[in-house]
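my_file.cif (mmCIF, C-alpha atoms) appears below.
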```cif
data_target
#
loop_
_atom_site.label_atom_id
_atom_site.label_comp_id
_atom_site.auth_asym_id
_atom_site.auth_seq_id
_atom_site.Cartn_x
_atom_site.Cartn_y
_atom_site.Cartn_z
CA MET P 1308 70.00 40.36 60.29
CA SER P 1309 69.45 43.36 62.52
CA ALA P 1310 66.62 45.74 61.78
CA ILE P 1311 67.50 49.21 60.61
CA THR P 1312 66.21 51.55 63.22
CA ASP P 1313 67.66 54.84 61.88
CA SER P 1314 65.29 56.79 59.69
CA PRO P 1315 66.49 58.54 56.52
CA ALA P 1316 65.78 61.86 58.14
CA ALA P 1317 67.96 60.96 61.07
CA ALA P 1318 70.74 59.65 58.83
CA ALA P 1319 70.85 62.79 56.71
CA PRO P 1320 73.50 65.23 57.84
CA THR P 1321 72.18 68.41 59.33
CA ALA P 1322 72.76 71.52 57.27
CA PRO P 1323 75.08 74.01 58.89
CA GLN P 1324 73.27 76.97 60.33
CA PRO P 1325 74.30 80.31 58.82
CA THR P 1326 76.36 82.32 61.19
CA THR P 1327 75.47 85.93 61.65
CA ARG P 1328 78.31 88.39 61.82
CA ARG P 1329 77.95 91.39 63.94
CA ARG P 1330 78.93 94.53 62.15
CA THR P 1331 81.57 96.39 64.02
CA GLY P 1332 81.62 99.49 61.82
CA ARG P 1333 78.84 102.07 61.62
CA ARG P 1334 77.76 102.84 58.09
CA ASP P 1335 75.32 105.51 59.22
CA GLY P 1336 78.02 107.79 60.59
CA ALA P 1337 78.76 111.28 59.36
CA ASN P 1338 80.40 111.72 55.99
CA TRP P 1339 83.26 113.90 57.17
CA PRO P 1340 84.74 114.79 53.74
CA LEU P 1341 81.33 115.93 52.50
CA THR P 1342 80.68 117.75 55.76
CA ALA P 1343 83.98 119.59 55.46
CA LEU P 1344 83.17 120.53 51.85
CA VAL P 1345 79.78 121.91 52.85
CA ALA P 1346 81.39 123.86 55.71
CA VAL P 1347 83.94 125.43 53.35
CA LEU P 1348 81.31 126.30 50.76
CA SER P 1349 79.09 127.85 53.42
CA LEU P 1350 81.86 130.36 54.10
CA THR P 1351 81.18 131.89 50.68
CA VAL P 1352 77.81 133.00 52.07
CA LEU P 1353 78.63 133.57 55.72
CA ILE P 1354 81.69 135.76 55.15
CA PRO P 1355 79.92 138.32 52.89
CA LEU P 1356 76.93 138.27 55.23
CA TYR P 1357 79.18 138.99 58.21
CA PHE P 1358 80.90 141.79 56.29
CA THR P 1359 77.51 143.32 55.44
CA ILE P 1360 76.28 143.19 59.03
CA VAL P 1361 79.38 144.72 60.62
CA THR P 1362 79.55 147.43 57.96
CA ALA P 1363 75.90 148.38 58.48
CA LEU P 1364 76.55 148.84 62.20
CA LYS P 1365 79.58 151.10 61.82
CA SER P 1366 79.96 154.82 61.39
CA PRO P 1367 81.78 156.21 58.33
CA ASP P 1368 84.95 156.84 60.33
CA GLN P 1369 85.09 153.14 61.38
CA LEU P 1370 85.23 151.79 57.82
CA GLY P 1371 89.00 151.75 57.59
CA GLY P 1372 91.19 148.66 57.72
CA THR P 1373 90.13 145.30 56.33
CA GLY P 1374 86.46 145.89 57.13
CA PHE P 1375 86.04 142.71 59.18
CA GLU P 1376 86.65 144.34 62.54
CA LEU P 1377 83.71 144.53 64.92
CA PRO P 1378 82.27 148.02 65.37
CA THR P 1379 83.54 149.86 68.42
CA SER P 1380 80.08 151.38 68.82
CA VAL P 1381 76.82 150.25 67.23
CA HIS P 1382 75.15 152.83 64.98
CA LEU P 1383 71.54 151.78 64.45
CA GLU P 1384 70.73 155.16 62.97
CA ASN P 1385 72.10 153.84 59.66
CA PHE P 1386 68.90 151.82 59.27
CA SER P 1387 66.64 154.79 59.96
CA THR P 1388 68.64 156.90 57.51
CA ALA P 1389 68.35 154.23 54.81
CA TRP P 1390 64.64 153.83 55.62
CA ASN P 1391 64.00 157.50 54.92
CA LEU P 1392 66.36 158.08 52.00
CA THR P 1393 65.17 155.08 50.00
CA ASN P 1394 61.47 155.46 50.90
CA PHE P 1395 61.74 151.86 52.01
CA PRO P 1396 58.06 151.18 52.90
CA HIS P 1397 56.84 152.17 49.43
CA ALA P 1398 59.53 150.18 47.60
CA LEU P 1399 58.89 147.23 49.92
CA LEU P 1400 55.19 147.30 49.09
CA ILE P 1401 55.87 147.38 45.33
CA SER P 1402 58.31 144.46 45.53
CA ALA P 1403 55.95 142.47 47.78
CA VAL P 1404 52.97 142.94 45.46
CA VAL P 1405 54.98 141.99 42.38
CA THR P 1406 56.52 138.95 44.07
CA VAL P 1407 53.28 137.59 45.55
CA CYS P 1408 51.34 138.05 42.31
CA ALA P 1409 54.16 136.45 40.30
CA VAL P 1410 54.31 133.42 42.62
CA VAL P 1411 50.54 132.83 42.69
CA LEU P 1412 50.09 133.34 38.95
CA THR P 1413 53.09 131.16 38.12
CA ILE P 1414 51.93 128.22 40.24
CA LEU P 1415 48.37 128.32 38.93
CA THR P 1416 49.09 128.78 35.23
CA ASN P 1417 52.30 126.80 34.85
CA SER P 1418 50.91 123.74 36.63
CA LEU P 1419 47.86 123.78 34.34
CA VAL P 1420 50.00 123.98 31.20
CA ALA P 1421 52.29 121.21 32.43
CA TYR P 1422 49.29 119.01 33.31
CA ALA P 1423 47.84 119.39 29.82
CA ILE P 1424 51.19 118.55 28.23
CA ALA P 1425 52.01 115.61 30.52
CA ARG P 1426 48.65 113.88 29.96
CA ASN P 1427 48.68 114.45 26.18
CA MET P 1428 52.32 113.80 25.37
CA HIS P 1429 51.28 111.10 22.90
CA ARG P 1430 49.73 113.76 20.67
CA PRO P 1431 52.07 115.49 18.20
CA PHE P 1432 50.89 119.02 19.04
CA PHE P 1433 51.53 118.72 22.77
CA LYS P 1434 54.81 116.94 22.21
CA ALA P 1435 55.97 119.75 19.91
CA LEU P 1436 54.77 122.30 22.45
CA TYR P 1437 56.82 120.59 25.16
CA TYR P 1438 60.00 120.72 23.08
CA PHE P 1439 59.23 124.33 22.19
CA PHE P 1440 59.26 125.26 25.89
CA ILE P 1441 62.47 123.31 26.41
CA ALA P 1442 64.11 125.14 23.50
CA ALA P 1443 63.06 128.47 25.00
CA LEU P 1444 65.35 127.75 27.96
CA PHE P 1445 68.34 128.39 25.72
CA VAL P 1446 67.22 131.85 24.57
CA PRO P 1447 69.03 134.57 26.57
CA PHE P 1448 66.93 137.44 27.81
CA PRO P 1449 69.18 140.21 26.35
CA ILE P 1450 68.28 138.97 22.85
CA ILE P 1451 64.57 139.68 23.35
CA MET P 1452 64.98 142.53 25.81
CA LEU P 1453 64.42 145.43 23.39
CA PRO P 1454 61.38 143.91 21.63
CA VAL P 1455 59.77 143.08 24.97
CA THR P 1456 60.42 146.60 26.25
CA LYS P 1457 58.77 148.20 23.23
CA GLU P 1458 55.85 145.78 23.23
CA THR P 1459 55.06 146.32 26.91
CA ALA P 1460 55.18 150.09 26.39
CA LEU P 1461 52.76 149.86 23.45
CA LEU P 1462 50.36 147.66 25.44
CA GLY P 1463 50.52 149.89 28.51
CA LEU P 1464 52.16 147.14 30.58
CA ASP P 1465 55.26 149.09 31.61
CA ASN P 1466 54.13 148.88 35.22
CA PRO P 1467 54.09 146.30 38.07
CA VAL P 1468 51.18 144.43 36.43
CA GLY P 1469 53.17 143.83 33.27
CA LEU P 1470 56.19 142.94 35.40
CA PHE P 1471 54.61 140.03 37.26
CA LEU P 1472 52.93 138.85 34.05
CA LEU P 1473 56.36 138.61 32.44
CA TYR P 1474 57.71 136.68 35.41
CA ALA P 1475 54.94 134.10 34.99
CA VAL P 1476 55.60 133.86 31.24
CA TYR P 1477 59.39 133.70 31.38
CA GLY P 1478 59.33 131.04 34.08
CA LEU P 1479 57.04 128.85 32.02
CA SER P 1480 59.79 126.95 30.19
CA PHE P 1481 61.66 125.73 33.25
CA ASN P 1482 58.54 125.18 35.33
CA VAL P 1483 56.84 123.10 32.62
CA PHE P 1484 59.94 120.94 32.47
CA VAL P 1485 59.85 120.39 36.24
CA TYR P 1486 56.09 119.94 36.56
CA THR P 1487 55.80 117.56 33.62
CA ALA P 1488 58.38 115.14 35.01
CA PHE P 1489 56.54 115.04 38.34
CA ILE P 1490 53.05 114.69 36.86
CA LYS P 1491 54.17 111.71 34.78
CA SER P 1492 55.00 109.89 38.03
CA ILE P 1493 51.40 110.29 39.25
CA PRO P 1494 49.29 107.27 38.20
CA ALA P 1495 46.66 108.17 35.63
CA GLU P 1496 44.33 105.62 37.23
CA LEU P 1497 43.54 108.16 39.97
CA GLU P 1498 42.04 110.55 37.43
CA GLU P 1499 40.31 107.78 35.50
CA ALA P 1500 38.58 106.60 38.67
CA ALA P 1501 37.46 110.15 39.43
CA ILE P 1502 36.14 110.64 35.90
CA MET P 1503 34.19 107.37 36.16
CA ASP P 1504 32.59 108.77 39.32
CA GLY P 1505 31.40 111.80 37.38
CA ALA P 1506 34.24 114.30 37.96
CA SER P 1507 35.33 116.55 35.13
CA VAL P 1508 38.93 117.14 34.04
CA TRP P 1509 39.03 120.42 35.96
CA THR P 1510 37.71 118.76 39.09
CA SER P 1511 40.25 115.95 38.79
CA PHE P 1512 43.06 118.46 38.50
CA ARG P 1513 41.82 120.63 41.36
CA LYS P 1514 41.02 117.86 43.85
CA ILE P 1515 43.53 115.14 42.88
CA ILE P 1516 46.50 116.40 40.88
CA PHE P 1517 47.03 119.85 42.37
CA PRO P 1518 47.22 118.63 46.02
CA LEU P 1519 49.79 116.04 44.95
CA LEU P 1520 51.87 118.81 43.37
CA THR P 1521 52.63 120.35 46.77
CA PRO P 1522 56.39 119.55 46.66
CA MET P 1523 56.75 121.04 43.18
CA ASN P 1524 54.52 124.00 44.01
CA ALA P 1525 56.75 124.83 46.97
CA THR P 1526 59.90 124.49 44.85
CA VAL P 1527 58.55 126.60 41.99
CA GLY P 1528 57.17 129.14 44.45
CA ILE P 1529 60.51 129.60 46.21
CA LEU P 1530 62.46 129.90 42.95
CA THR P 1531 59.97 132.40 41.56
CA CYS P 1532 60.00 134.38 44.81
CA LEU P 1533 63.79 134.60 44.81
CA TRP P 1534 63.83 135.64 41.16
CA ALA P 1535 61.08 138.26 41.36
CA TRP P 1536 62.38 139.80 44.59
CA ASN P 1537 66.04 140.04 43.59
CA ASP P 1538 65.66 140.71 39.87
CA PHE P 1539 67.20 143.93 38.62
CA LEU P 1540 67.33 143.79 34.82
CA LEU P 1541 63.66 143.19 34.03
CA PRO P 1542 62.30 145.98 36.28
CA LEU P 1543 64.99 148.28 34.93
CA VAL P 1544 63.84 147.93 31.31
CA ILE P 1545 60.09 147.52 31.97
CA LEU P 1546 59.13 150.03 34.66
CA SER P 1547 58.85 153.56 33.29
CA ASN P 1548 57.43 155.34 36.34
CA PRO P 1549 60.01 156.12 39.08
CA ASP P 1550 57.28 155.75 41.71
CA THR P 1551 56.89 152.05 40.88
CA ARG P 1552 60.52 151.06 41.35
CA THR P 1553 61.20 147.83 43.17
CA LEU P 1554 63.75 147.48 45.95
CA PRO P 1555 66.72 146.53 43.73
CA LEU P 1556 66.10 149.62 41.56
CA VAL P 1557 65.72 151.89 44.58
CA GLN P 1558 68.96 150.59 46.06
CA TYR P 1559 70.74 151.06 42.74
CA VAL P 1560 69.63 154.69 42.53
CA PHE P 1561 70.53 155.24 46.18
CA GLN P 1562 73.98 153.72 45.73
CA SER P 1563 74.70 155.85 42.66
CA GLN P 1564 73.76 159.01 44.60
CA PHE P 1565 75.53 158.15 47.86
CA ASN P 1566 78.36 155.95 46.64
CA THR P 1567 80.62 156.85 49.56
CA ASP P 1568 78.11 156.22 52.36
CA TYR P 1569 78.76 152.50 52.61
CA ALA P 1570 77.32 152.12 56.11
CA THR P 1571 73.89 153.42 55.08
CA ALA P 1572 74.01 151.47 51.81
CA PHE P 1573 74.76 148.19 53.57
CA ALA P 1574 72.00 148.90 56.07
CA SER P 1575 69.55 149.19 53.17
CA TYR P 1576 70.85 145.87 51.80
CA LEU P 1577 70.13 144.17 55.11
CA MET P 1578 66.63 145.61 55.25
CA ALA P 1579 65.94 144.31 51.74
CA LEU P 1580 67.36 140.90 52.67
CA ALA P 1581 65.36 140.43 55.87
CA PRO P 1582 61.85 139.92 54.36
CA LEU P 1583 63.08 137.40 51.81
CA LEU P 1584 65.03 135.52 54.47
CA LEU P 1585 61.92 135.23 56.62
CA VAL P 1586 59.86 134.03 53.65
CA TYR P 1587 62.46 131.42 52.77
CA LEU P 1588 62.69 130.09 56.33
CA PHE P 1589 58.90 129.83 56.45
CA ALA P 1590 58.57 128.24 52.99
CA GLN P 1591 61.32 125.72 53.71
CA ARG P 1592 58.98 124.03 56.16
CA TRP P 1593 56.40 123.68 53.40
CA VAL P 1594 59.00 122.11 51.11
CA ILE P 1595 59.95 119.50 53.70
CA SER P 1596 56.34 118.69 54.58
CA GLY P 1597 55.43 118.57 50.89
CA VAL P 1598 58.22 116.13 50.15
CA MET P 1599 57.10 113.92 53.04
CA ARG P 1600 53.52 113.92 51.77
CA GLY P 1601 54.72 113.17 48.27
CA SER P 1602 56.80 110.23 49.49
CA ILE P 1603 53.81 108.50 51.14
CA LYS P 1604 51.14 109.30 48.57
#
```
As structure tokens:
Amino acid sequence: MSAITDSPAAAAPTAPQPTTRRRTGRRDGANWPLTALVAVLSLTVLIPLYFTIVTALKSPDQLGGTGFELPTSVHLENFSTAWNLTNFPHALLISAVVTVCAVVLTILTNSLVAYAIARNMHRPFFKALYYFFIAALFVPFPIIMLPVTKETALLGLDNPVGLFLLYAVYGLSFNVFVYTAFIKSIPAELEEAAIMDGASVWTSFRKIIFPLLTPMNATVGILTCLWAWNDFLLPLVILSNPDTRTLPLVQYVFQSQFNTDYATAFASYLMALAPLLLVYLFAQRWVISGVMRGSIK
């Protein structure tokens, strides 16, 4: 009888090696339907902006036709006329002070309130306070407009100080909702480790939580800046002194007085748009960098 020389390992059939298929299609290509939709939607901003620019550069006798024609001659004196008639530097200073104070105060106070609520949501008081702020989102401003106007007048806050205080208060509901959701994603172990090392709650918030809130601080700051700079209704009912009018109020008064001088009016609109556009382009870099830091924290 012959000896069996084949081992069991040699007798076992070899398993077929998995074949790799080379992908012929590119999944990381451009999404052309979405790109076309974004391009069409961008026209809703670009077309009015183009109309504003060409109108501001025309003379009154060039405003006929459809209005989209390029100016035959550029009239930059429209900007100097609007600068003088609207007292643009003074109105710009008032709007800048109100906007900067509103942004700084909103970020500092709203983040603190949201931090206290997010870390004490298990307590009935803070949970009720959270839902109270959420419910305040559904209260329209015209309902409380008259009581707020009378109250600010009685307290002597019918001025830019009262205006940026109201911006910080009225933005509290939405900002608490945004901040709270983000703070809940931050591990509480970071603060517990800091407290065990001797840090207080304020120190933990200032050195640990607040730096991690950079993406949300940038988002809240931009939204507050846009609101405070472009708002018309709240300054209209709060500010009682004509010398403290913000840019939207000054342009409204100017337009009502010179309602036929469209070239000068559109020039004033462009001058009011330029500072906010520069701020947004600058702050957008902070949003992107903040999101990147938040993704690798």
Exercise for the section: Output the residue selection produced by the PyMOL selection byres ((chain P and resi 1427-1439) around 12) on the file above, formatted as a VMD selection string. Expected result: chain P and resid 1420 to 1426 1440 to 1446 1479 to 1488 1490 to 1491 1495
Keeping only C-alpha atoms, write the selected residues as an mmCIF file, keeping the file's coordinate frame.
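File produced: selection-v3.cif:
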```
data_model
loop_
_atom_site.group_PDB
_atom_site.id
_atom_site.type_symbol
_atom_site.label_atom_id
_atom_site.label_comp_id
_atom_site.auth_asym_id
_atom_site.auth_seq_id
_atom_site.Cartn_x
_atom_site.Cartn_y
_atom_site.Cartn_z
ATOM 1 C CA VAL P 1420 50.000 123.980 31.200
ATOM 2 C CA ALA P 1421 52.290 121.210 32.430
ATOM 3 C CA TYR P 1422 49.290 119.010 33.310
ATOM 4 C CA ALA P 1423 47.840 119.390 29.820
ATOM 5 C CA ILE P 1424 51.190 118.550 28.230
ATOM 6 C CA ALA P 1425 52.010 115.610 30.520
ATOM 7 C CA ARG P 1426 48.650 113.880 29.960
ATOM 8 C CA PHE P 1440 59.260 125.260 25.890
ATOM 9 C CA ILE P 1441 62.470 123.310 26.410
ATOM 10 C CA ALA P 1442 64.110 125.140 23.500
ATOM 11 C CA ALA P 1443 63.060 128.470 25.000
ATOM 12 C CA LEU P 1444 65.350 127.750 27.960
ATOM 13 C CA PHE P 1445 68.340 128.390 25.720
ATOM 14 C CA VAL P 1446 67.220 131.850 24.570
ATOM 15 C CA LEU P 1479 57.040 128.850 32.020
ATOM 16 C CA SER P 1480 59.790 126.950 30.190
ATOM 17 C CA PHE P 1481 61.660 125.730 33.250
ATOM 18 C CA ASN P 1482 58.540 125.180 35.330
ATOM 19 C CA VAL P 1483 56.840 123.100 32.620
ATOM 20 C CA PHE P 1484 59.940 120.940 32.470
ATOM 21 C CA VAL P 1485 59.850 120.390 36.240
ATOM 22 C CA TYR P 1486 56.090 119.940 36.560
ATOM 23 C CA THR P 1487 55.800 117.560 33.620
ATOM 24 C CA ALA P 1488 58.380 115.140 35.010
ATOM 25 C CA ILE P 1490 53.050 114.690 36.860
ATOM 26 C CA LYS P 1491 54.170 111.710 34.780
ATOM 27 C CA ALA P 1495 46.660 108.170 35.630
#
```
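Separating atom CA of Ala1363 of chain P from atom CA of Val1404 of chain P is a distance of 26.9 Å.
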- Message: Can you measure atom CA of Phe1573 of chain P to atom CA of Thr1362 of chain P for me? One decimal in Å is fine.
- Response: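 Those two atoms sit 6.5 Å apart.
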Residues of segment 1449-1561 of chain P at most 12 Å from segment 1575-1593 of chain P: nearest atom pair and distance in Å, only C-alpha atoms, as a tab-separated table:
```
residue	atom	partner	partner_atom	distance
P:Thr1521	CA	P:Trp1593	CA	8.3
P:Pro1522	CA	P:Trp1593	CA	7.9
P:Met1523	CA	P:Trp1593	CA	10.6
P:Asn1524	CA	P:Trp1593	CA	9.6
P:Ala1525	CA	P:Trp1593	CA	6.5
P:Thr1526	CA	P:Gln1591	CA	9.1
P:Val1527	CA	P:Ala1590	CA	11.1
P:Gly1528	CA	P:Ala1590	CA	8.7
P:Ile1529	CA	P:Tyr1587	CA	7.1
P:Leu1530	CA	P:Tyr1587	CA	9.9
P:Thr1531	CA	P:Tyr1587	CA	11.5
P:Cys1532	CA	P:Leu1583	CA	8.2
P:Leu1533	CA	P:Leu1583	CA	7.6
P:Trp1534	CA	P:Leu1583	CA	10.8
P:Ala1535	CA	P:Leu1583	CA	10.7
P:Trp1536	CA	P:Leu1583	CA	7.6
P:Asn1537	CA	P:Leu1583	CA	9.1
P:Thr1553	CA	P:Ala1579	CA	10.4
P:Leu1554	CA	P:Ala1579	CA	7.0
P:Pro1555	CA	P:Ala1579	CA	8.3
P:Leu1556	CA	P:Ala1579	CA	11.5
P:Val1557	CA	P:Ser1575	CA	9.8
P:Gln1558	CA	P:Ser1575	CA	7.3
P:Tyr1559	CA	P:Tyr1576	CA	10.4
P:Val1560	CA	P:Ser1575	CA	12.0
P:Phe1561	CA	P:Ser1575	CA	9.3
```
Matched chain/residue IDs from the PyMOL selection byres ((chain P and resi 1358) around 12), as a short mmCIF file (atom, residue, chain, number, x, y, z; two decimals) with C-alpha atoms, in the frame of the given file:
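Final output, saved to part_8.cif:
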```cif
data_model
loop_
_atom_site.label_atom_id
_atom_site.label_comp_id
_atom_site.auth_asym_id
_atom_site.auth_seq_id
_atom_site.Cartn_x
_atom_site.Cartn_y
_atom_site.Cartn_z
CA LEU P 1350 81.86 130.36 54.10
CA THR P 1351 81.18 131.89 50.68
CA VAL P 1352 77.81 133.00 52.07
CA LEU P 1353 78.63 133.57 55.72
CA ILE P 1354 81.69 135.76 55.15
CA PRO P 1355 79.92 138.32 52.89
CA LEU P 1356 76.93 138.27 55.23
CA TYR P 1357 79.18 138.99 58.21
CA THR P 1359 77.51 143.32 55.44
CA ILE P 1360 76.28 143.19 59.03
CA VAL P 1361 79.38 144.72 60.62
CA THR P 1362 79.55 147.43 57.96
CA ALA P 1363 75.90 148.38 58.48
CA LEU P 1364 76.55 148.84 62.20
CA LYS P 1365 79.58 151.10 61.82
CA LEU P 1370 85.23 151.79 57.82
CA THR P 1373 90.13 145.30 56.33
CA GLY P 1374 86.46 145.89 57.13
CA PHE P 1375 86.04 142.71 59.18
CA GLU P 1376 86.65 144.34 62.54
CA LEU P 1377 83.71 144.53 64.92
CA PRO P 1378 82.27 148.02 65.37
CA TYR P 1569 78.76 152.50 52.61
CA ALA P 1570 77.32 152.12 56.11
CA PHE P 1573 74.76 148.19 53.57
CA ALA P 1574 72.00 148.90 56.07
CA TYR P 1576 70.85 145.87 51.80
CA LEU P 1577 70.13 144.17 55.11
#
```
Pairwise distance, atom CA of Thr1413 of chain P with atom CA of Leu1546 of chain P, equals 20.1 Å
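Among the candidates P:Pro1542, P:Pro1518, P:Pro1494, P:Gly1505, the residue lying nearest to Leu1470 of chain P is P:Pro1542 (atoms considered: all atoms listed in the file).
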Item to complete: Measuring atom to atom with all atoms listed in the file, identify which of P:Ala1475, P:Gln1369, P:Ala1500, P:Val1544 is nearest to Leu1453 of chain P.
Response: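 Checking each of P:Ala1475, P:Gln1369, P:Ala1500, P:Val1544 against Leu1453 of chain P, counting all atoms listed in the file, the winner is P:Val1544.
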Box dimensions and centre (Å, one decimal) enclosing segment 1447-1453 of chain P, axis-aligned, 6 Å extra per side, as AutoDock Vina command-line options:
```
--center_x 66.8 --center_y 140.0 --center_z 25.3 --size_x 16.8 --size_y 22.9 --size_z 17.0
```
Got a sec: who's within 9 Å of Leu1497 of chain P, counting only C-alpha atoms, leaving out chain neighbours fewer than 6 positions off, as a PDB file with C-alpha atoms, keeping the file's coordinate frame?
```
ATOM      1  CA  SER P1511      40.250 115.950  38.790  1.00  0.00           C
ATOM      2  CA  ILE P1515      43.530 115.140  42.880  1.00  0.00           C
ATOM      3  CA  ILE P1516      46.500 116.400  40.880  1.00  0.00           C
TER       4      ILE P1516
END
```
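The smallest atom-to-atom distance between Val1407 of chain P and any of P:Leu1419, P:Met1452, P:Leu1540, P:Val1468, using only C-alpha atoms, is found for P:Val1468.
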Since the input lacks atoms, please generate N, CA and C atoms for segment 1516-1531 of chain P and provide them as a compact mmCIF listing (two decimals), in the frame of the given file.
```txt
# COMPACT_ATOMS: atom_id res chain seq x y z
N ILE P 1516 45.15 116.13 41.36
CA ILE P 1516 46.50 116.40 40.88
C ILE P 1516 47.14 117.56 41.64
N PHE P 1517 46.43 118.67 41.77
CA PHE P 1517 47.03 119.85 42.37
C PHE P 1517 47.47 119.62 43.82
N PRO P 1518 46.70 118.92 44.67
CA PRO P 1518 47.22 118.63 46.02
C PRO P 1518 48.47 117.77 46.01
N LEU P 1519 48.59 116.87 45.02
CA LEU P 1519 49.79 116.04 44.95
C LEU P 1519 51.00 116.81 44.44
N LEU P 1520 50.78 117.98 43.87
CA LEU P 1520 51.87 118.81 43.37
C LEU P 1520 52.47 119.71 44.45
N THR P 1521 52.14 119.48 45.70
CA THR P 1521 52.63 120.35 46.77
C THR P 1521 54.15 120.47 46.80
N PRO P 1522 54.93 119.38 46.67
CA PRO P 1522 56.39 119.55 46.66
C PRO P 1522 56.87 120.43 45.52
N MET P 1523 56.31 120.24 44.32
CA MET P 1523 56.75 121.04 43.18
C MET P 1523 56.23 122.46 43.28
N ASN P 1524 55.03 122.64 43.82
CA ASN P 1524 54.52 124.00 44.01
C ASN P 1524 55.40 124.79 44.96
N ALA P 1525 55.86 124.15 46.03
CA ALA P 1525 56.75 124.83 46.97
C ALA P 1525 58.08 125.16 46.31
N THR P 1526 58.62 124.24 45.52
CA THR P 1526 59.90 124.49 44.85
C THR P 1526 59.78 125.62 43.83
N VAL P 1527 58.76 125.55 42.99
CA VAL P 1527 58.55 126.60 41.99
C VAL P 1527 58.25 127.93 42.66
N GLY P 1528 57.48 127.90 43.74
CA GLY P 1528 57.17 129.14 44.45
C GLY P 1528 58.40 129.80 45.03
N ILE P 1529 59.29 129.03 45.63
CA ILE P 1529 60.51 129.60 46.21
C ILE P 1529 61.41 130.16 45.13
N LEU P 1530 61.60 129.42 44.04
CA LEU P 1530 62.46 129.90 42.95
C LEU P 1530 61.90 131.17 42.32
N THR P 1531 60.59 131.20 42.13
CA THR P 1531 59.97 132.40 41.56
C THR P 1531 60.07 133.58 42.52
```
